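Read the structure below first, then the notes.
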Amino acid sequence: MIKALSKDKWKYALYTVSHPADGFYEIRHRERGSVLVAIILTMLFSFSFSINRISACFIVNDVDPRSVDSFDELCSVLILFILLAVGNWSITCLMDGKGRLKDILIAIGYSTIPATVCILIGTFISQFITLDEAAFYYMVIGVGIAYTLFMMLIGIMTVHNFTLGKTLITLFLTLIAVLLIIFVLLLLVNLINQVYSFLHSIYQELIFRS
């Protein structure tokens, strides 16, 4: 646990922002990354998103702060984080990908750093801008999200040793895999509910007859 959260692990996470190709290569081949750090970074991304929805100026934010549930948003982000990793791993296993599930988790988690930082910066900037200056706020947020997507692309491409074209195809199939996983999970939940209702009705009938 201590080693997974060591200072070197955090410094290397920041290193991947400025050197994504080299950083993700080292993560795959020299175990420089940490899944725990990746999870924490994903949680920080979720918190920054919630902070933005709560605190951003009304000029750029029409969300009622009272309607924001940070815990629900955190759970949603973590579930999506896991689904993307599992979906990508399941697809790349069929396409001769070299990356392990932990490498994918790290690549996705580390890639959220630019978005997290830019969302927080944008939230701060929003307190001092006018309506005419709102474009600057959206530019800051947009740059962070764009660089996060770029890092994620480089990360997936590097850990699997794929070409750019194959990586893009893989990411498209990953989205389809995520939708299929969600569909199967919903079917499973529905089936469990039906079985529970059936058993509960039998139980009630036996209690009534006794």
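Residue numbering restarts at 1 in every chain; chains get A, B, ... in the order shown in the structure tokens, and ligands count up from 1 in that same order.
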
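Excluding Asn52 of chain A itself and same-chain residues fewer than 4 positions from it, the residues having an atom within 8 Å of it are A:Ser48, A:Ala56, A:Ile119, A:Leu120, A:Thr123, counting only C-alpha atoms.
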
Which residues of segment 85-115 of chain A sit at most 8 Å from segment 20-35 of chain A, using only C-alpha atoms? Give each one's shortest atom pair and distance in Å (one decimal place), in chain and ascending residue order, as a Markdown table.
```
| residue | atom | partner | partner_atom | distance |
| --- | --- | --- | --- | --- |
| A:Gly99 | CA | A:Arg28 | CA | 7.0 |
| A:Lys102 | CA | A:Val35 | CA | 6.3 |
| A:Asp103 | CA | A:Arg28 | CA | 6.2 |
| A:Leu105 | CA | A:Val35 | CA | 6.4 |
| A:Ile106 | CA | A:Val35 | CA | 5.4 |
| A:Ala107 | CA | A:Phe24 | CA | 6.9 |
```

Export, as a compact mmCIF listing (two decimals), in the first residue's frame, the selected residues with N, CA and C atoms.
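Result saved to out-v4.txt:
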```txt
# COMPACT_ATOMS: atom_id res chain seq x y z
N GLY A 99 -1.35 -5.29 -23.49
CA GLY A 99 -1.60 -4.68 -22.20
C GLY A 99 -2.42 -5.56 -21.27
N LYS A 102 -4.46 -4.14 -15.50
CA LYS A 102 -3.89 -3.11 -14.64
C LYS A 102 -3.27 -1.98 -15.46
N ASP A 103 -2.65 -2.33 -16.60
CA ASP A 103 -2.06 -1.30 -17.46
C ASP A 103 -3.14 -0.39 -18.04
N LEU A 105 -6.14 0.18 -16.68
CA LEU A 105 -6.65 1.00 -15.57
C LEU A 105 -5.74 2.19 -15.31
N ILE A 106 -4.44 1.95 -15.31
CA ILE A 106 -3.48 3.02 -15.08
C ILE A 106 -3.53 4.04 -16.21
N ALA A 107 -3.58 3.58 -17.44
CA ALA A 107 -3.61 4.49 -18.58
C ALA A 107 -4.84 5.40 -18.53
```

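Compared by their closest atoms to His160 of chain A, and using only C-alpha atoms, the residues A:Gly144, A:Gly97, A:Gly87, A:Pro65 rank with A:Gly97 nearest.
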
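Going from atom CA of Thr163 of chain A over to atom CA of Val178 of chain A, you cover 22.1 Å.
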
From a backbone DSSP assignment, name each residue in segment 8-204 of chain A labelled alpha helix (DSSP H), as a PyMOL selection string. chain A and resi 8-18+20-30+35-55+70-94+101-111+113-125+134-160+164-204

Hey, which of A:Ile108, A:Cys93, A:Leu186, A:Ile82 ends up closest to Leu149 of chain A? Count only C-alpha atoms. A:Ile108

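Among the candidates A:Trp89, A:His200, A:His19, A:Gly122, the one nearest to Ile104 of chain A when counting only C-alpha atoms is A:Trp89.
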
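Excluding Phe136 of chain A itself and same-chain residues fewer than 6 positions from it, the residues having an atom within 10 Å of it are Gly122, Ile125, Ser126, Ile129 and Gly142 of chain A, counting only C-alpha atoms.
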
When you look at Pro114 of chain A with a cut-off of 6 Å (counting only C-alpha atoms), what residues show up, excluding the ones that are within fewer than 2 positions of it in the same chain? I need them as a count of residues only. 5

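Atom CA of Ala115 of chain A lies 13.5 Å from atom CA of Val77 of chain A.
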
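The list of residues with at least one atom within 6 Å of segment 166-175 of chain A, based on only C-alpha atoms and without residues fewer than 4 positions apart in the same chain, reads Gly87, Asn88, Met157 and Phe162 of chain A.
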
For Phe47 of chain A, list every protein, DNA or RNA residue within 9 Å, evaluated using only C-alpha atoms, and leave out those in the same chain fewer than 6 positions away; present the list as a ChimeraX atom specification. /A:70-71,73-74,116

Rounded to one decimal, what separation in Å do you get between atom CA of Met151 of chain A and atom CA of Ser18 of chain A? 9.7 Å

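For the choices A:Glu205, A:Ile181, A:Lys98, A:Thr130, the atom-to-atom distance to Asn161 of chain A is smallest for A:Lys98 when using only C-alpha atoms.
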
Shortest interatomic distance to Tyr147 of chain A - which of A:Thr16, A:Ser6, A:Ser50, A:Gln127, counting only C-alpha atoms: A:Thr16

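Closest approach to Ile176 of chain A from the set A:Asp132, A:Val86, A:Ile192, A:Ile154 is made by A:Val86, with distances taken over only C-alpha atoms.
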